Amino acid sequence: MGKVLMKGNEVIAEAAVHAGCKYFFGYPITPQSELVAYMARRLPEVGGLFLQAESEIAAINMVYGAASTGVRVMTSSSSPGFSLKQEGISYLVGSELPAVICNIVRGGPGLGNIQPAQSDYFQVTKGGGHGDYNLPVLAPASLQEIVELTQEAFDIADRYRTPVILMGDGMLGQMMEPVEFGERSETEQFKKDWATTGTRGDGEPKIITSLELDAESLERRNCNLQQKFARIKENEVRYETYFLDDADYIMVAFGTTARITMNAISKARQEGVKVGLIRPISLWPFPEKPFIETRDQVKAYISVEMSAGQMIEDVRLAVNGHAPVDFYGRTGGVVPTQEEIYDKIMMVARGVQV
Amino acid sequence: MLEEIIIAGFGGQGVMSMGQLIAYAGMIEGKGVSWLPSYGPEQRGGTANCAVVVSDEPVGSPLVTRPSTAIVLNNPSFDKFEPRVRQEGLLIINSSLVVRASERKDIKVLEITATDIANDLGNSRVANMILLGAFLELTKLVSTDSIVESLKKVLSTNKHHLIEVNKQALKKGASLVAVEIS
Amino acid sequence: MTMKTVFKKTNGLTDKPTHYCPGCTHGVIHRLVGEVLEEMDILEDTVGVASVGCSVLSYEYFNCDMTQAAHGRAPAVATGVKRVLPNRMVFTYQGDGDLASIGISEVIHAAARGENITVIFVNNAIYGMTGGQMAPTTLIGQKTATTPFGRDISIQGSPIKVCEMMSTLDGAAYIERVSTHDVPHIQKTKKAIWKAFETQKKGLGFSMVEVLSTCPTNWGLDPAESLEWVKDQMVPVYPLGVYKNKEGVK
């Protein structure tokens with residue numbers, strides 16, 4: 001299969017099918033509706049099942065049910081709908097069920113609008129639902145990267161028995177780029193002996209639950225979860241860096257914002273400003289290493305986001321006071337332009353107060 | 001080579017598919033491409049636009065704020081994008097519908113009565129292809145063959161009979177530029 | 001001397017003692033469901049979905065694979081299970097707060113889709129687990145922690161009659177309301193549960209049995225009075241009977 005030109009939302013869907021996902025429970029919301037429609041058409045072709053739920057709440061709980069049988073299952077939404085899924089996501093974490101949930105972020109709060117945003121960063125990286133938890137969040141920047149990360153998301157979900165969030169913005173969902181779906185090399189087999197599929201030929205009854213009435217038992221259970229999160233932090237950090245070797249200034253941006261920022265960086269470099277980029281791909285676990293390695297050499301970091309400043313908190317934690325951290329962001333569906341970002345770089349580089 | 005194009009007009013004028021054809025053709029020719037639509041309620045009746053980037057290298061930002069070329073098919077699109085065309089850039093106007101003229105001296109402006117010419121060809125809906133033909137003749141960004149190849153993919157099979165009239169429109173657009181230049 | 005077994009615990013339930021209050025009929029209804037699963041020989045083919053409320057721990061009592069759902073979402077979870085495993089028997093066990101209040105949307109849409117699952121709906125006209133608050137099925141005039149002066153139509157509206165409502169949906173194949181207030185009715189309840197599972201086994205669509213049940217603790221009555229209360233107060237508001245049997249399942 002050669003290169004094809006597809007919409008981001010459709011790429012996510014097709015990549016999920018390539019990853020062996022046969023079950024999808026969805027609910028329409030702009031700007032991710034193409035994903036739902038693609039699955040409705042595509043899954044029957046691979047012997048799978050698409051079901052349009054009556055609400056996002058029902059959809060995530062159908063995912064819970066399907067996940068409890070051990071199959072690869074997915075749902076997707078955009079910000080307001082994603083909020084509705086939060087309770088279910090917390091249950092998935094508590095019951096240790098693997099699933100992939102896609103959030104194509106739009107402007108908020110409330111109904112907001114349907115334009116691109118990254119303002120659900122806090123929600124996805126700091127737990128999002130009730131209880132003590134984190135979950136892996138992957139943020140692709142290109143459609144080809146969607147292909148890779150969607151498949152990774154399913155593997156991580158099965159590897160750790162955890163829901164995984166795939167997060168993009170409206171722009172990524174709506175845009176078209178050439179993509180190529182390579183054949184997957186099956187590397188890892190996942191044994192799902194915990195699944196509730198009926199006990200026939202399968203030993204004693206199994207239970208899937210997040211309830212633990214005894215406080216000390218729940219604490220033990222939570223400690224196990226924390227150990228799992230620690231393993232994920234150890235093994236599943238993903239990021240890319242550009243031009244860090246000689247950088248005086250380091251931009252930090254993820255998703256499509258990183259691409260716009262790269263254009264601004266190229267222009268600034270032409271002007272002789274030594275500026276680099278750290279692009280977190282896993283938003284949780286957040287990549288701390290490239291900051292620790294650079295924070296004593298650089299003059300400043302600049303976090304660029306489609307929000308009022310959310311990832312900047314993780315940047316500050318990683319920099320830990322070793323260097324100033326500045327910010328440029330637009331919110332409400334306004335996308336920062338490369339010209340604005342370039343201006344910001346030049347302002348910081350020319351010593352305007354950080 | 002880095003071409004950053006904005007195509008804008010009323011929903012239904014075929015601005016989205018024009019952009020997709022360029023992106024498709026660029027992909028066929030092994031170039032880096034991206035296509036980014038404006039999306040939302042404005043697609044129905046209001047002004048819709050898409051940004052297309054074609055590059056020798058993988059595309060960086062898919063967002064185009066200062067286009068090297070803007071193709072505008074109606075008045076609101078002219079108002080919005082004429083000022084944004086970068087210096088030395090190209091502005092192609094469907095002057096059948098756009099009543100204003102650009103006063104910019106730092107860009108190249110091409111006015112084509114695309115809707116009228118399309119009507120002469122017997123299909124008002126190919127105005128977009130006339131403009132596209134002119135654009136390709138001027139920039140040689142991708143070949144007409146690649147566009148025709150892309151048409152086969154963008155149009156569903158039951159609309160393949162329209163390929164011929166689209167080819168004619170592309171050719172007509174190109175011929176207008178040849179006249180203009182000579 | 002050898003003793004003859006005249007009664008034994010069903011294998012449909014585990015050995016775990018239940019946590020239900022004395023006089024609560026959840027235990028009876030659990031046993032009936034367990035007996036039906038065992039007698040139909042489908043225990044090993046069944047996945048149950050527990051809900052939130054007094055029956056939250058039902059996953060520890062039913063002797064089959066069990067999954068525990070968020071409050072009200074059991075029919076959605078059951079949908080997910082059943083769509084992946086269409087040849088398994090899938091049931092939910094839900095109370096009136098879970099099903100008729102927070103989860104009314106999920107159960108209606110499961111029925112509308114003709115989801116081939118069985119819902120055991122236990123209606124005791126009150127929230128038990130949280131301490132006796134008003135349920136959607138609380139009777140007019142009934143005092144609860146949140147209707148201290150009695151349920152008033154002008155303030156809290158009227159009780160939802162779930163069977164009547166659900167039976168209007170084309171996807172609902174079997175809908176019956178039964179009661180647990182005396183032995184003959186308990187026997188009828190078992191038969192209704194059997195028919196509901198039979199409906200699912202035959203792939204006919206959505207089945208639901210509403211079981212009128214007691215809550216002595218929160219009603220402030222003793223167990224015997226509670227059974228009387230079901231008979232005298234609840235049955236007149238919630239008439240018993242088969243509301244739908246689309247394919248005439250026997």
# chains A, B, ... in the order shown; residues from 1 in each chain; ligands from 1
>>> interface_residues(of="chain C", to="chain A", cutoff="7 Å", atoms="only C-alpha atoms", output="ChimeraX atom specification")
/C:44-47,59,63-68,73,76-81,84,106,109
>>> write_last_selection(atoms="C-alpha atoms", output="CSV table (one decimal), in the first residue's frame")
chain,number,residue,atom,x,y,z
C,44,GLU,CA,-20.4,-20.9,32.6
C,45,ASP,CA,-21.7,-19.0,29.6
C,46,THR,CA,-22.9,-16.0,31.5
C,47,VAL,CA,-21.3,-12.6,32.2
C,59,TYR,CA,-20.4,-9.6,41.8
C,63,ASN,CA,-21.1,-17.6,40.7
C,64,CYS,CA,-20.2,-16.5,37.2
C,65,ASP,CA,-17.9,-14.0,35.5
C,66,MET,CA,-18.9,-10.5,36.7
C,67,THR,CA,-18.1,-7.0,35.7
C,68,GLN,CA,-18.9,-4.0,37.9
C,73,ARG,CA,-24.3,2.5,33.2
C,76,ALA,CA,-24.1,0.3,28.4
C,77,VAL,CA,-21.4,-2.0,29.9
C,78,ALA,CA,-23.6,-5.0,29.1
C,79,THR,CA,-24.0,-3.8,25.6
C,80,GLY,CA,-20.2,-3.7,25.2
C,81,VAL,CA,-19.9,-7.2,26.6
C,84,VAL,CA,-18.2,-8.7,21.6
C,106,GLU,CA,-28.9,3.7,29.2
C,109,HIS,CA,-31.5,3.0,24.6
>>> residues_around(residues="Glu103 in chain B", least_positions_apart="4", cutoff="12 Å", atoms="only C-alpha atoms", output="PyMOL selection string")
chain B and resi 78+82-83+91+107-109
>>> write_last_selection(atoms="C-alpha atoms", output="short mmCIF file (atom, residue, chain, number, x, y, z; two decimals), in the first residue's frame")
data_model
loop_
_atom_site.label_atom_id
_atom_site.label_comp_id
_atom_site.auth_asym_id
_atom_site.auth_seq_id
_atom_site.Cartn_x
_atom_site.Cartn_y
_atom_site.Cartn_z
CA PHE B 78 -10.93 39.01 -1.54
CA GLU B 82 -5.84 40.15 -0.55
CA PRO B 83 -3.97 42.02 2.18
CA LEU B 91 -3.37 36.84 -6.26
CA ILE B 107 2.15 41.39 -5.84
CA LYS B 108 1.15 39.87 -9.14
CA VAL B 109 -2.59 40.04 -9.76
#
>>> select_by_dssp(residues="range 1-162 of chain B", states="alpha helix (DSSP H)", output="ChimeraX atom specification")
/B:15-28,75-81,114-121,127-139,144-154
>>> select_by_dssp(residues="range 3-220 of chain C", states="strand (DSSP E)", output="VMD selection string")
chain C and resid 46 to 50 65 to 68 89 to 95 118 to 123 172 to 179 206 to 212
>>> write_last_selection(atoms="C-alpha atoms", output="PDB file, in the first residue's frame")
ATOM      1  CA  THR C  46     -22.874 -15.955  31.539  1.00  0.00           C
ATOM      2  CA  VAL C  47     -21.301 -12.581  32.213  1.00  0.00           C
ATOM      3  CA  GLY C  48     -23.144 -10.499  34.804  1.00  0.00           C
ATOM      4  CA  VAL C  49     -22.903  -6.754  35.234  1.00  0.00           C
ATOM      5  CA  ALA C  50     -23.221  -5.365  38.758  1.00  0.00           C
ATOM      6  CA  ASP C  65     -17.918 -13.973  35.513  1.00  0.00           C
ATOM      7  CA  MET C  66     -18.887 -10.511  36.711  1.00  0.00           C
ATOM      8  CA  THR C  67     -18.055  -6.952  35.743  1.00  0.00           C
ATOM      9  CA  GLN C  68     -18.913  -3.962  37.867  1.00  0.00           C
ATOM     10  CA  MET C  89     -25.668 -14.654  28.232  1.00  0.00           C
ATOM     11  CA  VAL C  90     -25.333 -11.157  29.632  1.00  0.00           C
ATOM     12  CA  PHE C  91     -27.432  -9.692  32.424  1.00  0.00           C
ATOM     13  CA  THR C  92     -27.466  -6.603  34.593  1.00  0.00           C
ATOM     14  CA  TYR C  93     -28.720  -6.430  38.155  1.00  0.00           C
ATOM     15  CA  GLN C  94     -29.829  -2.903  39.025  1.00  0.00           C
ATOM     16  CA  GLY C  95     -31.810  -1.078  41.674  1.00  0.00           C
ATOM     17  CA  THR C 118     -31.512  -9.333  30.377  1.00  0.00           C
ATOM     18  CA  VAL C 119     -32.078  -6.665  33.000  1.00  0.00           C
ATOM     19  CA  ILE C 120     -33.072  -7.589  36.524  1.00  0.00           C
ATOM     20  CA  PHE C 121     -34.566  -4.410  37.942  1.00  0.00           C
ATOM     21  CA  VAL C 122     -35.133  -4.384  41.683  1.00  0.00           C
ATOM     22  CA  ASN C 123     -37.644  -1.733  42.720  1.00  0.00           C
ATOM     23  CA  ALA C 172     -38.182  -4.627  24.064  1.00  0.00           C
ATOM     24  CA  ALA C 173     -39.066  -8.311  23.654  1.00  0.00           C
ATOM     25  CA  TYR C 174     -40.008  -9.360  27.159  1.00  0.00           C
ATOM     26  CA  ILE C 175     -41.121  -7.069  30.004  1.00  0.00           C
ATOM     27  CA  GLU C 176     -42.741  -8.305  33.205  1.00  0.00           C
ATOM     28  CA  ARG C 177     -43.337  -6.922  36.682  1.00  0.00           C
ATOM     29  CA  VAL C 178     -43.362  -9.353  39.590  1.00  0.00           C
ATOM     30  CA  SER C 179     -43.181  -9.180  43.370  1.00  0.00           C
ATOM     31  CA  PHE C 206     -34.168  -6.893  25.207  1.00  0.00           C
ATOM     32  CA  SER C 207     -35.727  -8.497  28.292  1.00  0.00           C
ATOM     33  CA  MET C 208     -36.399  -6.977  31.688  1.00  0.00           C
ATOM     34  CA  VAL C 209     -37.994  -8.201  34.889  1.00  0.00           C
ATOM     35  CA  GLU C 210     -38.989  -5.565  37.430  1.00  0.00           C
ATOM     36  CA  VAL C 211     -39.094  -7.116  40.870  1.00  0.00           C
ATOM     37  CA  LEU C 212     -40.925  -5.278  43.667  1.00  0.00           C
TER      38      LEU C 212
END
>>> closest_residue(among="B:Ile28, B:Leu73, B:Ala101, B:Ile93", to="chain A", atoms="only C-alpha atoms")
B:Ile28
>>> residues_around(residues="range 214-227 of chain A", least_positions_apart="2", cutoff="8 Å", atoms="only C-alpha atoms", output="PyMOL selection string")
chain A and resi 132-133+212+229-231
>>> write_last_selection(atoms="N, CA and C atoms", output="PDB file, in the first residue's frame")
ATOM      1  N   ASP A 132      -6.655   9.007  42.439  1.00  0.00           N
ATOM      2  CA  ASP A 132      -5.210   9.166  42.290  1.00  0.00           C
ATOM      3  C   ASP A 132      -4.732   8.440  41.054  1.00  0.00           C
ATOM      4  N   TYR A 133      -4.655   9.111  39.928  1.00  0.00           N
ATOM      5  CA  TYR A 133      -4.159   8.352  38.786  1.00  0.00           C
ATOM      6  C   TYR A 133      -3.574   9.237  37.696  1.00  0.00           C
ATOM      7  N   GLU A 212     -13.315  -1.277  46.275  1.00  0.00           N
ATOM      8  CA  GLU A 212     -12.539  -1.923  47.336  1.00  0.00           C
ATOM      9  C   GLU A 212     -12.932  -1.226  48.625  1.00  0.00           C
ATOM     10  N   PHE A 229       2.328   3.104  37.329  1.00  0.00           N
ATOM     11  CA  PHE A 229       2.589   4.426  36.742  1.00  0.00           C
ATOM     12  C   PHE A 229       4.093   4.699  36.700  1.00  0.00           C
ATOM     13  N   ALA A 230       4.787   4.253  37.740  1.00  0.00           N
ATOM     14  CA  ALA A 230       6.245   4.454  37.778  1.00  0.00           C
ATOM     15  C   ALA A 230       6.915   3.679  36.641  1.00  0.00           C
ATOM     16  N   ARG A 231       6.427   2.468  36.381  1.00  0.00           N
ATOM     17  CA  ARG A 231       6.990   1.677  35.262  1.00  0.00           C
ATOM     18  C   ARG A 231       6.726   2.386  33.930  1.00  0.00           C
TER      19      ARG A 231
END
>>> interface_residues(of="chain A", to="chain B", cutoff="8 Å", atoms="only C-alpha atoms", output="compact mmCIF listing (two decimals) with C-alpha atoms, in the first residue's frame")
# COMPACT_ATOMS: atom_id res chain seq x y z
CA LYS A 3 0.95 6.76 0.16
CA LEU A 5 -3.99 11.42 1.19
CA ILE A 114 -15.04 23.89 17.27
CA GLN A 115 -11.69 25.46 16.43
CA MET A 171 -6.42 21.11 13.02
CA GLN A 174 -9.27 18.04 9.88
CA MET A 175 -6.10 18.38 7.83
CA MET A 176 -4.94 16.05 5.06
CA GLU A 177 -1.42 14.77 4.50
CA PRO A 178 0.05 11.78 2.73
CA THR A 256 0.61 20.93 15.43
CA ARG A 259 5.20 22.38 13.58
CA ILE A 260 4.25 26.03 13.49
CA THR A 261 6.96 26.72 16.05
CA MET A 262 9.54 24.91 13.88
CA ASN A 263 8.84 27.33 11.04
CA THR A 337 1.04 31.99 13.82
>>> atom_distance(atom1="CA of Gln338 in chain A", atom2="CA of Trp284 in chain A")
26.2 Å
>>> atom_distance(atom1="CA of Gly81 in chain A", atom2="CA of Ile29 in chain A")
7.3 Å
>>> residues_around(residues="range 112-122 of chain B", least_positions_apart="2", cutoff="6 Å", atoms="only C-alpha atoms", output="list of chain:residue names")
B:Asn94, B:Ser95, B:Ser96, B:Ser124, B:Val126, B:Ala127
>>> write_last_selection(atoms="C-alpha atoms", output="tab-separated table (two decimals), in the first residue's frame")
chain	number	residue	atom	x	y	z
B	94	ASN	CA	-12.54	35.30	-10.02
B	95	SER	CA	-13.55	38.67	-11.42
B	96	SER	CA	-16.99	37.39	-12.44
B	124	SER	CA	-20.79	26.87	-14.12
B	126	VAL	CA	-15.92	24.28	-13.28
B	127	ALA	CA	-15.03	27.93	-12.59
>>> atom_distance(atom1="CA of Thr69 in chain B", atom2="CA of Ser17 in chain B")
16.5 Å
>>> closest_residue(among="A:Met74, A:Ala308, A:Ile156, A:Ile250", to="Asp120 in chain A", atoms="only C-alpha atoms")
A:Ala308
>>> residues_around(residues="Glu152 in chain A", least_positions_apart="6", cutoff="12 Å", atoms="only C-alpha atoms", output="PyMOL selection string")
chain A and resi 12+15-16+18-20+99-100+136-140+145-146+158-159+164-166+184+186-188+236+238+281-282
>>> write_last_selection(atoms="N, CA and C atoms", output="PDB file, in the first residue's frame")
ATOM      1  N   ILE A  12      -6.533   8.254  12.113  1.00  0.00           N
ATOM      2  CA  ILE A  12      -6.619   7.650  13.447  1.00  0.00           C
ATOM      3  C   ILE A  12      -7.440   6.363  13.367  1.00  0.00           C
ATOM      4  N   ALA A  15      -5.623   3.639  11.386  1.00  0.00           N
ATOM      5  CA  ALA A  15      -4.485   3.140  12.167  1.00  0.00           C
ATOM      6  C   ALA A  15      -4.973   2.225  13.282  1.00  0.00           C
ATOM      7  N   ALA A  16      -6.115   2.561  13.864  1.00  0.00           N
ATOM      8  CA  ALA A  16      -6.672   1.708  14.917  1.00  0.00           C
ATOM      9  C   ALA A  16      -7.040   0.343  14.345  1.00  0.00           C
ATOM     10  N   HIS A  18      -5.658  -1.051  11.791  1.00  0.00           N
ATOM     11  CA  HIS A  18      -4.377  -1.733  11.572  1.00  0.00           C
ATOM     12  C   HIS A  18      -3.810  -2.302  12.877  1.00  0.00           C
ATOM     13  N   ALA A  19      -4.144  -1.653  13.985  1.00  0.00           N
ATOM     14  CA  ALA A  19      -3.634  -2.122  15.281  1.00  0.00           C
ATOM     15  C   ALA A  19      -4.484  -3.271  15.829  1.00  0.00           C
ATOM     16  N   GLY A  20      -5.496  -3.687  15.068  1.00  0.00           N
ATOM     17  CA  GLY A  20      -6.303  -4.815  15.516  1.00  0.00           C
ATOM     18  C   GLY A  20      -7.521  -4.413  16.333  1.00  0.00           C
ATOM     19  N   ALA A  99      -7.818   0.365  26.931  1.00  0.00           N
ATOM     20  CA  ALA A  99      -8.666   0.941  25.886  1.00  0.00           C
ATOM     21  C   ALA A  99      -7.946   2.176  25.366  1.00  0.00           C
ATOM     22  N   VAL A 100      -8.317   2.613  24.183  1.00  0.00           N
ATOM     23  CA  VAL A 100      -7.742   3.842  23.638  1.00  0.00           C
ATOM     24  C   VAL A 100      -8.855   4.859  23.463  1.00  0.00           C
ATOM     25  N   PRO A 136      -1.303   7.276  30.264  1.00  0.00           N
ATOM     26  CA  PRO A 136      -0.444   7.702  29.164  1.00  0.00           C
ATOM     27  C   PRO A 136      -1.213   8.559  28.171  1.00  0.00           C
ATOM     28  N   VAL A 137      -0.564   9.634  27.723  1.00  0.00           N
ATOM     29  CA  VAL A 137      -1.153  10.536  26.736  1.00  0.00           C
ATOM     30  C   VAL A 137      -0.165  10.722  25.598  1.00  0.00           C
ATOM     31  N   LEU A 138      -0.576  10.407  24.389  1.00  0.00           N
ATOM     32  CA  LEU A 138       0.298  10.562  23.224  1.00  0.00           C
ATOM     33  C   LEU A 138      -0.243  11.666  22.332  1.00  0.00           C
ATOM     34  N   ALA A 139       0.660  12.551  21.878  1.00  0.00           N
ATOM     35  CA  ALA A 139       0.238  13.706  21.090  1.00  0.00           C
ATOM     36  C   ALA A 139       1.002  13.767  19.772  1.00  0.00           C
ATOM     37  N   PRO A 140       0.445  13.199  18.718  1.00  0.00           N
ATOM     38  CA  PRO A 140       1.119  13.240  17.417  1.00  0.00           C
ATOM     39  C   PRO A 140       1.110  14.635  16.816  1.00  0.00           C
ATOM     40  N   GLU A 145       2.686  10.418  11.930  1.00  0.00           N
ATOM     41  CA  GLU A 145       2.943  10.071  13.335  1.00  0.00           C
ATOM     42  C   GLU A 145       1.684   9.507  14.010  1.00  0.00           C
ATOM     43  N   ILE A 146       0.518   9.950  13.541  1.00  0.00           N
ATOM     44  CA  ILE A 146      -0.729   9.373  14.057  1.00  0.00           C
ATOM     45  C   ILE A 146      -0.737   7.866  13.816  1.00  0.00           C
ATOM     46  N   ASP A 158      -2.443  -2.390  26.351  1.00  0.00           N
ATOM     47  CA  ASP A 158      -2.428  -3.815  26.698  1.00  0.00           C
ATOM     48  C   ASP A 158      -1.260  -4.165  27.612  1.00  0.00           C
ATOM     49  N   ARG A 159      -0.117  -3.519  27.363  1.00  0.00           N
ATOM     50  CA  ARG A 159       1.084  -3.820  28.141  1.00  0.00           C
ATOM     51  C   ARG A 159       0.875  -3.528  29.622  1.00  0.00           C
ATOM     52  N   VAL A 164      -5.409   4.581  27.429  1.00  0.00           N
ATOM     53  CA  VAL A 164      -4.404   5.493  26.875  1.00  0.00           C
ATOM     54  C   VAL A 164      -5.127   6.572  26.085  1.00  0.00           C
ATOM     55  N   ILE A 165      -4.678   7.813  26.251  1.00  0.00           N
ATOM     56  CA  ILE A 165      -5.303   8.920  25.531  1.00  0.00           C
ATOM     57  C   ILE A 165      -4.455   9.282  24.316  1.00  0.00           C
ATOM     58  N   LEU A 166      -5.133   9.430  23.210  1.00  0.00           N
ATOM     59  CA  LEU A 166      -4.496   9.951  22.006  1.00  0.00           C
ATOM     60  C   LEU A 166      -5.063  11.353  21.828  1.00  0.00           C
ATOM     61  N   ARG A 184       2.280  -4.148  10.064  1.00  0.00           N
ATOM     62  CA  ARG A 184       2.786  -4.155  11.441  1.00  0.00           C
ATOM     63  C   ARG A 184       3.553  -5.429  11.720  1.00  0.00           C
ATOM     64  N   GLU A 186       4.277  -7.882  14.368  1.00  0.00           N
ATOM     65  CA  GLU A 186       3.762  -8.222  15.702  1.00  0.00           C
ATOM     66  C   GLU A 186       4.941  -8.533  16.613  1.00  0.00           C
ATOM     67  N   THR A 187       5.151  -7.692  17.586  1.00  0.00           N
ATOM     68  CA  THR A 187       6.296  -7.895  18.456  1.00  0.00           C
ATOM     69  C   THR A 187       5.870  -8.491  19.793  1.00  0.00           C
ATOM     70  N   GLU A 188       4.716  -8.085  20.246  1.00  0.00           N
ATOM     71  CA  GLU A 188       4.359  -8.435  21.604  1.00  0.00           C
ATOM     72  C   GLU A 188       3.018  -9.158  21.616  1.00  0.00           C
ATOM     73  N   GLU A 236       7.970   4.621  28.952  1.00  0.00           N
ATOM     74  CA  GLU A 236       7.124   5.083  27.853  1.00  0.00           C
ATOM     75  C   GLU A 236       7.236   6.583  27.565  1.00  0.00           C
ATOM     76  N   ARG A 238       8.285   9.645  25.487  1.00  0.00           N
ATOM     77  CA  ARG A 238       8.595   9.859  24.062  1.00  0.00           C
ATOM     78  C   ARG A 238       8.718  11.354  23.797  1.00  0.00           C
ATOM     79  N   ILE A 281       6.193  14.137  22.977  1.00  0.00           N
ATOM     80  CA  ILE A 281       5.244  13.290  22.245  1.00  0.00           C
ATOM     81  C   ILE A 281       4.346  12.589  23.264  1.00  0.00           C
ATOM     82  N   SER A 282       4.947  12.087  24.334  1.00  0.00           N
ATOM     83  CA  SER A 282       4.127  11.635  25.462  1.00  0.00           C
ATOM     84  C   SER A 282       3.967  12.846  26.380  1.00  0.00           C
TER      85      SER A 282
END
